[in-house]
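Chemist: Got a file for you: start12.cif, mmCIF, C-alpha atoms and all ligand atoms.
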```
data_target
#
loop_
_atom_site.label_atom_id
_atom_site.label_comp_id
_atom_site.auth_asym_id
_atom_site.auth_seq_id
_atom_site.Cartn_x
_atom_site.Cartn_y
_atom_site.Cartn_z
CA MET A 138 0.00 0.00 0.00
CA ILE A 139 1.32 3.43 -0.99
CA LEU A 140 0.68 6.41 1.31
CA VAL A 141 -0.10 9.58 -0.66
CA THR A 142 0.38 12.67 1.49
CA GLY A 143 -1.50 15.61 0.02
CA GLY A 144 -3.42 13.10 -2.09
CA ALA A 145 -6.58 15.24 -2.11
CA GLY A 146 -4.76 18.13 -3.80
CA PHE A 147 -4.36 18.96 -7.47
CA ILE A 148 -1.43 16.73 -8.44
CA GLY A 149 -2.06 14.19 -5.67
CA SER A 150 -5.63 13.45 -6.77
CA HIS A 151 -4.57 12.83 -10.36
CA THR A 152 -1.75 10.61 -9.13
CA CYS A 153 -4.28 8.55 -7.16
CA VAL A 154 -6.13 7.92 -10.42
CA ALA A 155 -2.87 6.85 -12.08
CA LEU A 156 -2.08 4.53 -9.15
CA ALA A 157 -5.55 2.98 -9.36
CA GLN A 158 -5.09 2.49 -13.10
CA ALA A 159 -1.79 0.75 -12.42
CA GLY A 160 -3.51 -1.56 -9.89
CA GLN A 161 -1.51 -0.06 -7.02
CA PRO A 162 -3.48 0.24 -3.74
CA PHE A 163 -3.08 3.59 -2.00
CA LEU A 164 -4.16 5.53 1.07
CA ILE A 165 -4.57 9.32 1.06
CA PHE A 166 -3.21 11.30 4.02
CA ASP A 167 -4.32 14.94 3.92
CA ASN A 168 -5.36 17.68 6.33
CA PHE A 169 -7.51 19.41 3.67
CA SER A 170 -5.77 22.72 4.28
CA ASN A 171 -5.87 23.35 0.54
CA SER A 172 -8.39 20.83 -0.81
CA ARG A 173 -11.96 19.65 -0.37
CA ARG A 174 -13.23 16.40 1.10
CA SER A 175 -15.58 16.04 -1.88
CA VAL A 176 -12.52 15.13 -3.99
CA LEU A 177 -12.72 11.68 -2.36
CA ASP A 178 -16.19 11.02 -3.81
CA ARG A 179 -15.15 12.24 -7.21
CA LEU A 180 -12.04 10.04 -7.12
CA ALA A 181 -14.26 7.10 -6.21
CA GLN A 182 -16.45 7.90 -9.21
CA ILE A 183 -13.43 7.87 -11.53
CA THR A 184 -11.75 4.78 -10.10
CA GLY A 185 -14.94 2.80 -9.41
CA ALA A 186 -13.93 2.00 -5.82
CA PRO A 187 -14.07 3.77 -2.45
CA VAL A 188 -10.97 5.87 -1.80
CA PRO A 189 -9.40 5.33 1.63
CA CYS A 190 -8.22 8.45 3.45
CA VAL A 191 -6.82 9.39 6.84
CA GLU A 192 -7.32 13.01 7.81
CA GLY A 193 -4.16 14.32 9.43
CA ASP A 194 -1.17 16.58 9.32
CA VAL A 195 2.25 15.32 8.19
CA ARG A 196 3.79 17.15 11.15
CA ASP A 197 1.91 14.73 13.43
CA GLU A 198 4.65 12.10 13.66
CA ALA A 199 2.77 9.88 16.10
CA LEU A 200 -0.24 9.66 13.79
CA LEU A 201 2.02 8.95 10.83
CA ALA A 202 3.74 6.16 12.76
CA ARG A 203 0.37 4.53 13.44
CA VAL A 204 -0.75 4.89 9.83
CA LEU A 205 2.49 3.44 8.45
CA ALA A 206 2.20 0.40 10.70
CA ASP A 207 -1.58 -0.17 10.57
CA HIS A 208 -1.82 -0.04 6.79
CA ALA A 209 1.33 -1.98 5.89
CA ILE A 210 2.67 0.97 3.92
CA THR A 211 5.58 0.07 1.61
CA GLY A 212 6.23 3.50 0.08
CA VAL A 213 5.17 7.13 0.25
CA ILE A 214 4.45 9.77 -2.37
CA HIS A 215 4.81 13.09 -0.59
CA PHE A 216 2.81 15.98 -2.07
CA ALA A 217 1.70 17.67 1.16
CA ALA A 218 3.10 21.21 1.21
CA PHE A 219 2.16 24.85 0.77
CA LYS A 220 2.96 26.17 -2.70
CA ALA A 221 2.17 29.88 -3.11
CA VAL A 222 5.37 31.85 -3.72
CA GLY A 223 3.99 35.26 -2.66
CA GLU A 224 2.47 33.84 0.51
CA SER A 225 5.82 32.20 1.33
CA VAL A 226 7.50 35.62 1.23
CA ALA A 227 4.91 37.05 3.62
CA GLN A 228 4.80 34.00 5.93
CA PRO A 229 8.18 32.25 5.73
CA LEU A 230 7.92 30.48 9.09
CA ARG A 231 4.56 28.97 8.16
CA TYR A 232 6.11 27.66 4.94
CA TYR A 233 9.29 26.27 6.48
CA ASP A 234 7.23 24.65 9.22
CA ASN A 235 4.72 22.98 6.94
CA ASN A 236 7.07 22.07 4.12
CA VAL A 237 10.44 21.39 5.76
CA ALA A 238 9.39 20.36 9.27
CA GLY A 239 6.54 18.32 7.74
CA THR A 240 8.99 16.43 5.54
CA VAL A 241 11.39 15.82 8.44
CA ALA A 242 8.53 14.44 10.57
CA LEU A 243 7.49 12.17 7.71
CA LEU A 244 11.04 10.91 7.19
CA ARG A 245 11.47 10.24 10.90
CA ALA A 246 8.25 8.24 11.01
CA MET A 247 9.27 6.35 7.86
CA GLN A 248 12.72 5.53 9.22
CA ALA A 249 11.26 4.27 12.50
CA ALA A 250 8.76 2.11 10.62
CA GLY A 251 11.38 0.78 8.19
CA VAL A 252 9.61 2.34 5.19
CA ARG A 253 12.37 3.75 2.99
CA THR A 254 10.75 4.37 -0.39
CA LEU A 255 9.77 7.97 -1.07
CA VAL A 256 8.70 9.93 -4.13
CA PHE A 257 9.06 13.65 -3.46
CA SER A 258 7.48 16.67 -5.21
CA SER A 259 10.24 19.07 -6.09
CA SER A 260 10.00 21.87 -8.62
CA ALA A 261 11.73 23.49 -11.56
CA THR A 262 11.88 26.56 -9.30
CA VAL A 263 15.12 25.07 -7.92
CA TYR A 264 16.84 26.00 -11.21
CA GLY A 265 16.23 29.74 -10.64
CA ASP A 266 17.02 31.65 -13.83
CA PRO A 267 18.73 28.97 -15.93
CA ALA A 268 21.86 30.01 -17.83
CA SER A 269 20.82 27.95 -20.85
CA LEU A 270 17.83 25.96 -22.10
CA PRO A 271 16.52 23.31 -21.99
CA VAL A 272 17.20 22.67 -18.31
CA ARG A 273 19.07 19.51 -17.33
CA GLU A 274 19.18 17.92 -13.87
CA ASP A 275 22.89 18.72 -13.44
CA PHE A 276 22.31 22.50 -13.75
CA PRO A 277 23.10 24.60 -10.67
CA THR A 278 20.27 25.20 -8.21
CA SER A 279 19.26 28.35 -6.36
CA ALA A 280 16.23 29.97 -4.77
CA THR A 281 14.84 33.48 -4.54
CA ASN A 282 11.93 33.00 -2.12
CA PRO A 283 11.05 30.84 0.92
CA TYR A 284 8.96 28.43 -1.16
CA GLY A 285 11.94 27.75 -3.43
CA TRP A 286 14.28 27.50 -0.46
CA SER A 287 11.92 25.03 1.21
CA LYS A 288 12.14 22.79 -1.90
CA LEU A 289 15.94 23.06 -1.99
CA MET A 290 16.18 22.35 1.74
CA MET A 291 13.98 19.29 1.41
CA GLU A 292 16.06 18.07 -1.55
CA GLN A 293 19.14 18.42 0.66
CA VAL A 294 17.50 16.63 3.59
CA LEU A 295 16.65 13.74 1.27
CA ALA A 296 20.20 13.55 -0.11
CA ASP A 297 21.61 13.54 3.44
CA VAL A 298 19.21 10.85 4.61
CA ASP A 299 20.09 8.71 1.61
CA ALA A 300 23.82 9.17 2.29
CA SER A 301 23.42 8.32 5.98
CA GLU A 302 22.15 4.81 5.23
CA PRO A 303 23.70 3.95 1.87
CA GLY A 304 21.68 1.58 -0.27
CA GLN A 305 18.78 1.48 2.21
CA TRP A 306 16.62 4.28 0.87
CA ARG A 307 14.88 4.56 -2.48
CA ILE A 308 14.17 8.24 -3.04
CA ALA A 309 12.98 10.09 -6.13
CA ARG A 310 13.21 13.87 -6.25
CA LEU A 311 10.86 14.79 -9.10
CA ARG A 312 11.32 18.32 -10.42
CA TYR A 313 8.00 19.32 -11.93
CA PHE A 314 7.77 21.98 -14.58
CA ASN A 315 4.34 23.69 -14.87
CA PRO A 316 1.49 21.28 -14.08
CA VAL A 317 -1.78 22.24 -15.80
CA GLY A 318 -4.92 20.63 -17.26
CA ALA A 319 -7.32 18.29 -15.51
CA HIS A 320 -8.60 14.73 -15.67
CA ALA A 321 -10.53 14.07 -18.89
CA SER A 322 -13.63 13.09 -16.86
CA GLY A 323 -13.96 16.72 -15.78
CA LEU A 324 -14.40 15.48 -12.19
CA ILE A 325 -11.08 16.59 -10.70
CA GLY A 326 -8.81 19.53 -11.45
CA GLU A 327 -7.11 22.55 -9.98
CA ASP A 328 -9.37 24.47 -7.62
CA PRO A 329 -7.59 27.60 -6.37
CA GLN A 330 -9.29 29.06 -3.29
CA ASP A 331 -8.13 32.65 -3.98
CA VAL A 332 -7.30 34.69 -7.06
CA PRO A 333 -5.08 32.31 -9.07
CA ASN A 334 -1.40 33.26 -9.28
CA ASN A 335 -0.72 30.82 -12.08
CA LEU A 336 -1.43 31.41 -15.73
CA ALA A 337 -3.64 28.47 -16.69
CA PRO A 338 -6.22 28.69 -13.87
CA TYR A 339 -6.35 32.46 -14.30
CA VAL A 340 -7.04 32.17 -18.04
CA ALA A 341 -9.68 29.50 -17.35
CA GLN A 342 -11.45 31.89 -14.97
CA VAL A 343 -11.30 34.69 -17.55
CA VAL A 344 -12.88 32.39 -20.15
CA ALA A 345 -15.56 31.47 -17.61
CA GLY A 346 -16.31 35.16 -17.12
CA TRP A 347 -15.22 35.17 -13.45
CA ARG A 348 -12.47 37.66 -14.25
CA GLU A 349 -12.50 40.47 -16.71
CA ALA A 350 -9.17 40.05 -18.47
CA LEU A 351 -5.78 38.42 -18.19
CA SER A 352 -2.82 40.62 -17.33
CA VAL A 353 0.05 39.41 -19.49
CA TYR A 354 3.12 40.09 -17.38
CA GLY A 355 5.53 41.52 -19.92
CA ASN A 356 5.78 41.33 -23.71
CA ASP A 357 9.40 42.46 -23.96
CA TYR A 358 11.17 39.25 -22.98
CA PRO A 359 13.71 37.79 -25.40
CA THR A 360 11.24 35.06 -26.46
CA SER A 361 9.38 34.21 -29.70
CA ASP A 362 6.53 36.69 -29.07
CA GLY A 363 8.01 38.64 -26.13
CA THR A 364 5.89 36.92 -23.46
CA GLY A 365 7.15 34.50 -20.82
CA VAL A 366 7.81 30.93 -21.88
CA ARG A 367 7.25 27.82 -19.73
CA ASP A 368 6.99 24.05 -20.01
CA TYR A 369 3.33 23.25 -19.29
CA ILE A 370 2.80 19.59 -18.51
CA HIS A 371 -0.61 17.90 -18.40
CA VAL A 372 -1.26 16.84 -14.80
CA CYS A 373 -2.20 13.33 -15.97
CA ASP A 374 1.19 12.96 -17.68
CA LEU A 375 2.80 14.19 -14.47
CA ALA A 376 0.74 11.74 -12.43
CA GLU A 377 1.89 8.85 -14.61
CA GLY A 378 5.48 10.01 -14.01
CA HIS A 379 5.00 9.18 -10.31
CA VAL A 380 3.89 5.64 -11.06
CA ALA A 381 6.92 5.27 -13.34
CA ALA A 382 9.19 6.61 -10.57
CA LEU A 383 7.79 4.13 -8.04
CA ARG A 384 8.37 1.30 -10.51
CA TYR A 385 11.95 2.49 -11.05
CA LEU A 386 12.64 2.69 -7.32
CA ARG A 387 11.53 -0.92 -6.82
CA ALA A 388 14.51 -2.01 -8.92
CA HIS A 389 16.98 0.78 -8.01
CA PRO A 390 17.93 1.74 -4.46
CA GLY A 391 19.47 5.19 -3.92
CA LEU A 392 18.63 8.74 -4.87
CA LEU A 393 17.04 9.67 -8.20
CA THR A 394 16.62 13.26 -9.41
CA VAL A 395 14.64 13.83 -12.61
CA ASN A 396 12.82 16.56 -14.47
CA LEU A 397 9.18 15.90 -15.25
CA GLY A 398 8.42 18.23 -18.13
CA THR A 399 7.56 18.00 -21.80
CA GLY A 400 10.53 19.77 -23.38
CA ARG A 401 7.99 21.95 -25.23
CA PRO A 402 8.30 25.75 -24.77
CA VAL A 403 4.94 27.58 -24.74
CA SER A 404 4.47 31.36 -24.45
CA VAL A 405 1.73 33.15 -22.52
CA LEU A 406 0.03 34.13 -25.78
CA GLU A 407 0.20 30.56 -27.10
CA MET A 408 -1.58 29.45 -23.92
CA VAL A 409 -4.21 32.17 -24.49
CA ARG A 410 -4.81 30.89 -28.05
CA GLY A 411 -5.03 27.33 -26.75
CA PHE A 412 -7.85 28.27 -24.36
CA GLU A 413 -9.58 30.21 -27.13
CA ARG A 414 -9.55 27.10 -29.35
CA ALA A 415 -10.71 24.87 -26.50
CA SER A 416 -13.60 27.08 -25.40
CA GLY A 417 -14.55 28.79 -28.65
CA ARG A 418 -14.48 32.07 -26.73
CA PRO A 419 -12.11 35.02 -26.87
CA VAL A 420 -9.70 35.60 -23.97
CA PRO A 421 -9.48 39.34 -23.30
CA TYR A 422 -6.01 40.35 -22.15
CA ARG A 423 -3.94 43.44 -21.54
CA ILE A 424 -0.18 43.80 -21.45
CA ALA A 425 1.02 44.58 -17.94
CA PRO A 426 4.50 45.17 -16.48
CA ARG A 427 6.74 42.17 -15.86
CA ARG A 428 6.01 40.31 -12.61
CA PRO A 429 8.92 40.69 -10.18
CA GLY A 430 10.93 37.49 -9.85
CA ASP A 431 9.74 35.97 -13.15
CA VAL A 432 12.28 34.40 -15.48
CA ALA A 433 11.92 34.92 -19.23
CA ALA A 434 11.90 31.26 -20.14
CA CYS A 435 12.21 27.85 -18.56
CA TRP A 436 11.66 24.47 -20.08
CA ALA A 437 12.89 20.96 -19.41
CA ASP A 438 15.20 18.55 -21.01
CA PRO A 439 13.03 15.51 -20.20
CA SER A 440 15.39 12.93 -21.72
CA LEU A 441 16.71 11.55 -18.41
CA ALA A 442 13.18 10.64 -17.29
CA GLU A 443 12.55 8.97 -20.61
CA ARG A 444 15.79 7.00 -20.42
CA LEU A 445 15.52 5.94 -16.77
CA LEU A 446 11.78 5.72 -16.19
CA GLY A 447 10.57 4.87 -19.68
CA TRP A 448 8.17 7.79 -19.25
CA ARG A 449 7.42 10.77 -21.43
CA ALA A 450 4.61 13.31 -21.54
CA SER A 451 2.17 12.49 -24.34
CA ARG A 452 -0.63 15.07 -24.08
CA ASP A 453 -0.42 18.22 -26.23
CA LEU A 454 -1.36 21.83 -25.50
CA ASP A 455 -4.84 21.40 -26.99
CA SER A 456 -5.70 18.53 -24.67
CA ILE A 457 -4.33 20.55 -21.74
CA CYS A 458 -6.64 23.46 -22.57
CA THR A 459 -9.65 21.28 -23.47
CA ASP A 460 -9.40 19.30 -20.22
CA ALA A 461 -8.79 22.43 -18.11
CA TRP A 462 -11.78 24.12 -19.70
CA ARG A 463 -14.08 21.09 -19.23
CA TRP A 464 -13.18 21.10 -15.52
CA GLN A 465 -13.57 24.86 -15.20
CA ASP A 466 -16.92 24.88 -16.99
CA GLY A 467 -18.30 21.96 -14.98
CA VAL A 468 -17.36 20.97 -11.49
CA ALA A 469 -15.18 23.99 -10.69
CA ARG A 470 -18.16 26.21 -11.41
CA SER A 471 -20.61 24.11 -9.43
CA LEU A 472 -18.26 24.04 -6.40
CA ARG A 473 -18.62 27.80 -6.20
CA GLY A 474 -22.40 27.50 -6.48
P1 LIG B 501 -2.25 21.35 -3.60
O1 LIG B 501 -2.25 22.47 -2.62
O2 LIG B 501 -3.38 21.23 -4.54
O3 LIG B 501 -2.09 19.97 -2.84
C1 LIG B 501 -1.38 19.84 -1.62
C2 LIG B 501 -2.22 19.00 -0.70
O4 LIG B 501 -1.50 18.82 0.53
C3 LIG B 501 -3.56 19.66 -0.33
O5 LIG B 501 -4.59 18.70 -0.45
C4 LIG B 501 -3.36 20.09 1.13
O6 LIG B 501 -4.58 20.04 1.85
C5 LIG B 501 -2.36 19.06 1.62
N1 LIG B 501 -1.50 19.51 2.72
C6 LIG B 501 -0.78 20.66 2.83
N2 LIG B 501 -0.11 20.69 3.99
C7 LIG B 501 -0.39 19.52 4.64
C8 LIG B 501 0.01 18.96 5.86
N3 LIG B 501 0.83 19.62 6.69
N4 LIG B 501 -0.45 17.74 6.20
C9 LIG B 501 -1.30 17.06 5.39
N5 LIG B 501 -1.72 17.55 4.20
C10 LIG B 501 -1.26 18.76 3.83
O7 LIG B 501 -0.85 21.45 -4.39
P2 LIG B 501 -0.39 20.69 -5.71
O8 LIG B 501 -0.38 21.65 -6.83
O9 LIG B 501 -1.10 19.41 -5.86
O10 LIG B 501 1.13 20.43 -5.33
C11 LIG B 501 1.57 19.20 -4.75
C12 LIG B 501 3.05 19.26 -4.51
O11 LIG B 501 3.73 19.55 -5.74
C13 LIG B 501 3.49 20.35 -3.52
O12 LIG B 501 4.57 19.82 -2.76
C14 LIG B 501 3.97 21.46 -4.43
O13 LIG B 501 4.92 22.27 -3.78
C15 LIG B 501 4.58 20.67 -5.57
N6 LIG B 501 4.65 21.41 -6.82
C16 LIG B 501 3.51 21.96 -7.34
C17 LIG B 501 3.58 22.68 -8.53
C18 LIG B 501 2.35 23.34 -9.10
O14 LIG B 501 2.49 24.26 -9.92
N7 LIG B 501 1.14 22.92 -8.75
C19 LIG B 501 4.81 22.83 -9.19
C20 LIG B 501 5.94 22.23 -8.63
C21 LIG B 501 5.85 21.52 -7.45
N1 LIG B 502 1.55 35.01 -16.26
C1 LIG B 502 0.85 36.06 -16.79
N2 LIG B 502 -0.30 36.46 -16.17
C2 LIG B 502 -0.80 35.84 -15.07
C3 LIG B 502 -0.07 34.73 -14.52
C4 LIG B 502 1.11 34.36 -15.15
O1 LIG B 502 1.26 36.66 -17.79
O2 LIG B 502 -1.84 36.24 -14.54
C5 LIG B 502 2.79 34.55 -16.92
C6 LIG B 502 4.03 34.62 -16.04
O3 LIG B 502 4.62 35.91 -16.14
C7 LIG B 502 4.90 33.51 -16.64
C8 LIG B 502 3.87 32.49 -17.13
O4 LIG B 502 2.64 33.20 -17.25
O5 LIG B 502 5.60 34.01 -17.77
C9 LIG B 502 3.68 31.33 -16.17
O6 LIG B 502 3.39 31.83 -14.87
P1 LIG B 502 2.96 30.84 -13.70
O7 LIG B 502 2.79 31.68 -12.47
O8 LIG B 502 1.82 30.00 -14.14
O9 LIG B 502 4.21 29.85 -13.55
P2 LIG B 502 5.71 30.14 -13.02
O10 LIG B 502 6.05 31.57 -13.33
O11 LIG B 502 5.68 29.85 -11.57
O12 LIG B 502 6.56 29.19 -13.79
#
```
Spell out the structure here as structure tokens.
Ligand code: NAD
Ligand code: UDP
Modeler:
Amino acid sequence: MILVTGGAGFIGSHTCVALAQAGQPFLIFDNFSNSRRSVLDRLAQITGAPVPCVEGDVRDEALLARVLADHAITGVIHFAAFKAVGESVAQPLRYYDNNVAGTVALLRAMQAAGVRTLVFSSSATVYGDPASLPVREDFPTSATNPYGWSKLMMEQVLADVDASEPGQWRIARLRYFNPVGAHASGLIGEDPQDVPNNLAPYVAQVVAGWREALSVYGNDYPTSDGTGVRDYIHVCDLAEGHVAALRYLRAHPGLLTVNLGTGRPVSVLEMVRGFERASGRPVPYRIAPRRPGDVAACWADPSLAERLLGWRASRDLDSICTDAWRWQDGVARSLRG
């Protein structure tokens, strides 16, 4: 049984579907600080079986110890964390506590229980402003905000834990590029509680008429059309990457670090056009100043993941936008009443 911390969240819920598809039993562990309990029913609808869940906080080591033992957990996929960059600048202690202390508590509980297989959610944010593109795993890492530092710190903690008991741990540090889209059923997707910071959910809300227009942060970058360029990966592709990482770890002890991206650069305006095609509606936008801290462009070299995991992203920009729009137009709207 695989424990999925943060399994009710955006990436975690899609990974649960991928685990179910792979025939891998799992147990969600989530405190619902950034998700809804109704995700469990919608996951059950997709997978055709009840979805087991323990409500709890990863900083609660005693509870984790009980869960690891009671459910014969053999590995953990660890999504539980806070993820808003701006909020991390305003509330660094809250972020370090939840993300770093939460991961340390989880690792302590795992070590005590003899569970030493872990798939960890890292981020392309650890590459900062890359000197060249596409980004490879051996590029230097850096951070410019507490969220990014929390990811780098957790990566370091994992490397140190692996080194302290050589050959005992099986750890994957997965560096996600920009996860977007939603499950094709339209039943699960990204459900930001506040004004979205990220491009895709913001555009989806503009298309839905919840917001007037998109602010395009800068059109004077040295990119194809002057707008920022990213590597947007369909969340279902990303989810399948976790199943592939678990499979890899079964055969390979040690520490794995891989990019999960598509290798496909997409500009802000290309994303806008994608949503226009998917919805058949125009996306009003205005050009705004650059957003502080943004890099011009970042996209992955995904070849290591393909070579080691036998995994590659297969869904294109149109399916990303179509699936995101189906979710936005259906359940996301009904959740807001
Ligand atoms: P999310 O907020 O949708 O999901 C996180 C889940 O963890 C939520 O269900 C939340 O309730 C839960 N959680 C948070 N703190 C917890 C705690 N202390 N104990 C138990 N549960 C807790 O976020 P997501 O987009 O699914 O991201 C998942 C992971 O991937 C995070 O670690 C995030 O930093 C990382 N990541 C996300 C992105 C992205 O753009 N979404 C990019 C790179 C990395
Ligand atoms: N972006 C934008 N308007 C928005 C949100 C984002 O123009 O309302 C741009 C942003 O400047 C960047 C790209 O979209 O070039 C992706 O931003 P996002 O926050 O989704 O991802 P990140 O910057 O964290 O990679």
Chemist: Counting all atoms listed in the file, figure out which residue out of A:Ala337, A:Ala155, A:Val188, A:Ala261 gets nearest to ligand LIG 501 (chain B).
Modeler: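 So, comparing all the options, the nearest one is A:Ala261.
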Chemist: Which chains and residue numbers are within 6 Å of ligand LIG 502 (chain B), counting only C-alpha atoms and all ligand atoms, if I want them as a PyMOL selection string?
Modeler: chain A and resi 334-336+339+351-354+365-366+405+428+431
Chemist: Residues contacting ligand LIG 501 (chain B) - anything with an atom at most 7 Å away, using all atoms listed in the file - can you give me those as JSON, numbers by chain?
Modeler: {"A": [142, 143, 144, 145, 146, 147, 148, 149, 166, 167, 168, 169, 170, 171, 172, 193, 194, 195, 196, 216, 217, 218, 219, 220, 235, 239, 258, 259, 260, 261, 312, 313, 314, 315, 316, 327]}
Chemist: I want to know what sits within 7 Å of segment 280-297 of chain A, based on only C-alpha atoms, with residues of the same chain fewer than 3 positions away left out; could you give that as JSON, numbers by chain?
Modeler: {"A": [220, 222, 225, 226, 229, 232, 233, 236, 237, 259, 262, 263, 265, 300, 301, 310, 392]}
Chemist: Those selected residues, please, written with C-alpha atoms and delivered as a short mmCIF file (atom, residue, chain, number, x, y, z; two decimals), keeping the file's coordinate frame.
Modeler:
```
data_model
loop_
_atom_site.label_atom_id
_atom_site.label_comp_id
_atom_site.auth_asym_id
_atom_site.auth_seq_id
_atom_site.Cartn_x
_atom_site.Cartn_y
_atom_site.Cartn_z
CA LYS A 220 2.96 26.17 -2.70
CA VAL A 222 5.37 31.85 -3.72
CA SER A 225 5.82 32.20 1.33
CA VAL A 226 7.50 35.62 1.23
CA PRO A 229 8.18 32.25 5.73
CA TYR A 232 6.11 27.66 4.94
CA TYR A 233 9.29 26.27 6.48
CA ASN A 236 7.07 22.07 4.12
CA VAL A 237 10.44 21.39 5.76
CA SER A 259 10.24 19.07 -6.09
CA THR A 262 11.88 26.56 -9.30
CA VAL A 263 15.12 25.07 -7.92
CA GLY A 265 16.23 29.74 -10.64
CA ALA A 300 23.82 9.17 2.29
CA SER A 301 23.42 8.32 5.98
CA ARG A 310 13.21 13.87 -6.25
CA LEU A 392 18.63 8.74 -4.87
#
```
Chemist: Just how far from atom CA of Arg307 of chain A is atom CA of Pro390 of chain A, in Å to one decimal?
Modeler: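 Those two atoms sit 4.6 Å apart.
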Chemist: By how many Å are atom CA of Gln465 of chain A and atom CA of Val317 of chain A apart?
Modeler: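 If I compute the distance from atom CA of Gln465 of chain A to atom CA of Val317 of chain A, I get 12.1 Å.
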Chemist: When distances are computed from all atoms listed in the file, which of A:Ile325, A:Val344, A:Leu446, A:Ala227 shows the smallest separation from Ala415 of chain A?
Modeler: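 Closest candidate: A:Val344.
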Chemist: Pick out the closest residue to Ala321 of chain A from this set: A:Arg253, A:His371, A:Arg423, A:Arg449. Count all atoms listed in the file.
Modeler: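 The shortest atom-to-atom distance to Ala321 of chain A comes from A:His371.
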Chemist: Closest to Arg348 of chain A among A:Trp436, A:Tyr422, A:Phe276, A:Trp306, using all atoms listed in the file?
Modeler: A:Tyr422
Chemist: Any idea what the distance is between atom CA of His215 of chain A and atom CA of Leu255 of chain A?
Modeler: 7.1 Å
Chemist: Compile the contact shell of Ser440 of chain A as a PyMOL selection string: residues with an atom at most 10 Å away, counting all atoms listed in the file, same-chain residues fewer than 4 positions apart removed.
Modeler: chain A and resi 273+395-400+444-449
Chemist: Up to 7 Å from (-6.2, 22.9, -26.7) in the file's coordinates: name the residues, counting all atoms listed in the file, as a list in words.
Modeler: Gly411, Phe412, Arg414, Ala415, Leu454, Asp455, Ser456, Ile457, Cys458 and Thr459 of chain A
Chemist: Padding 3 Å on every side, please: axis-aligned box over the listed atoms of segment 171-184 of chain A, centre and edge lengths to one decimal in Å, as JSON.
Modeler:
```
{"center_x": -11.2, "center_y": 14.1, "center_z": -5.2, "size_x": 16.6, "size_y": 24.6, "size_z": 18.6}
```
Chemist: With distances taken over only C-alpha atoms, which of A:Gln182, A:Asn356, A:Thr240, A:Thr211 is nearest to Glu198 of chain A?
Modeler: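 Smallest distance to Glu198 of chain A is found for A:Thr240.
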Chemist: Mind rebuilding segment 404-417 of chain A with N, CA and C atoms and writing that out as a PDB file, keeping the file's coordinate frame?
Modeler:
```
ATOM      1  N   SER A 404       4.528  29.974 -24.950  1.00  0.00           N
ATOM      2  CA  SER A 404       4.470  31.360 -24.450  1.00  0.00           C
ATOM      3  C   SER A 404       3.099  31.633 -23.831  1.00  0.00           C
ATOM      4  N   VAL A 405       3.007  32.760 -23.119  1.00  0.00           N
ATOM      5  CA  VAL A 405       1.730  33.150 -22.520  1.00  0.00           C
ATOM      6  C   VAL A 405       0.667  33.280 -23.615  1.00  0.00           C
ATOM      7  N   LEU A 406       1.029  33.924 -24.725  1.00  0.00           N
ATOM      8  CA  LEU A 406       0.030  34.130 -25.780  1.00  0.00           C
ATOM      9  C   LEU A 406      -0.358  32.824 -26.462  1.00  0.00           C
ATOM     10  N   GLU A 407       0.572  31.883 -26.546  1.00  0.00           N
ATOM     11  CA  GLU A 407       0.200  30.560 -27.100  1.00  0.00           C
ATOM     12  C   GLU A 407      -0.799  29.862 -26.175  1.00  0.00           C
ATOM     13  N   MET A 408      -0.628  30.034 -24.874  1.00  0.00           N
ATOM     14  CA  MET A 408      -1.580  29.450 -23.920  1.00  0.00           C
ATOM     15  C   MET A 408      -2.953  30.122 -24.089  1.00  0.00           C
ATOM     16  N   VAL A 409      -2.960  31.432 -24.265  1.00  0.00           N
ATOM     17  CA  VAL A 409      -4.210  32.170 -24.490  1.00  0.00           C
ATOM     18  C   VAL A 409      -4.926  31.596 -25.721  1.00  0.00           C
ATOM     19  N   ARG A 410      -4.194  31.429 -26.806  1.00  0.00           N
ATOM     20  CA  ARG A 410      -4.810  30.890 -28.050  1.00  0.00           C
ATOM     21  C   ARG A 410      -5.325  29.473 -27.824  1.00  0.00           C
ATOM     22  N   GLY A 411      -4.600  28.706 -27.037  1.00  0.00           N
ATOM     23  CA  GLY A 411      -5.030  27.330 -26.750  1.00  0.00           C
ATOM     24  C   GLY A 411      -6.387  27.321 -26.050  1.00  0.00           C
ATOM     25  N   PHE A 412      -6.559  28.202 -25.063  1.00  0.00           N
ATOM     26  CA  PHE A 412      -7.850  28.270 -24.360  1.00  0.00           C
ATOM     27  C   PHE A 412      -8.946  28.811 -25.278  1.00  0.00           C
ATOM     28  N   GLU A 413      -8.574  29.699 -26.184  1.00  0.00           N
ATOM     29  CA  GLU A 413      -9.580  30.210 -27.130  1.00  0.00           C
ATOM     30  C   GLU A 413     -10.077  29.069 -28.035  1.00  0.00           C
ATOM     31  N   ARG A 414      -9.148  28.238 -28.508  1.00  0.00           N
ATOM     32  CA  ARG A 414      -9.550  27.100 -29.350  1.00  0.00           C
ATOM     33  C   ARG A 414     -10.414  26.128 -28.555  1.00  0.00           C
ATOM     34  N   ALA A 415     -10.012  25.865 -27.309  1.00  0.00           N
ATOM     35  CA  ALA A 415     -10.710  24.870 -26.500  1.00  0.00           C
ATOM     36  C   ALA A 415     -12.131  25.313 -26.145  1.00  0.00           C
ATOM     37  N   SER A 416     -12.305  26.598 -25.901  1.00  0.00           N
ATOM     38  CA  SER A 416     -13.600  27.080 -25.400  1.00  0.00           C
ATOM     39  C   SER A 416     -14.448  27.709 -26.489  1.00  0.00           C
ATOM     40  N   GLY A 417     -13.811  28.067 -27.601  1.00  0.00           N
ATOM     41  CA  GLY A 417     -14.550  28.790 -28.650  1.00  0.00           C
ATOM     42  C   GLY A 417     -14.887  30.214 -28.229  1.00  0.00           C
TER      43      GLY A 417
END
```
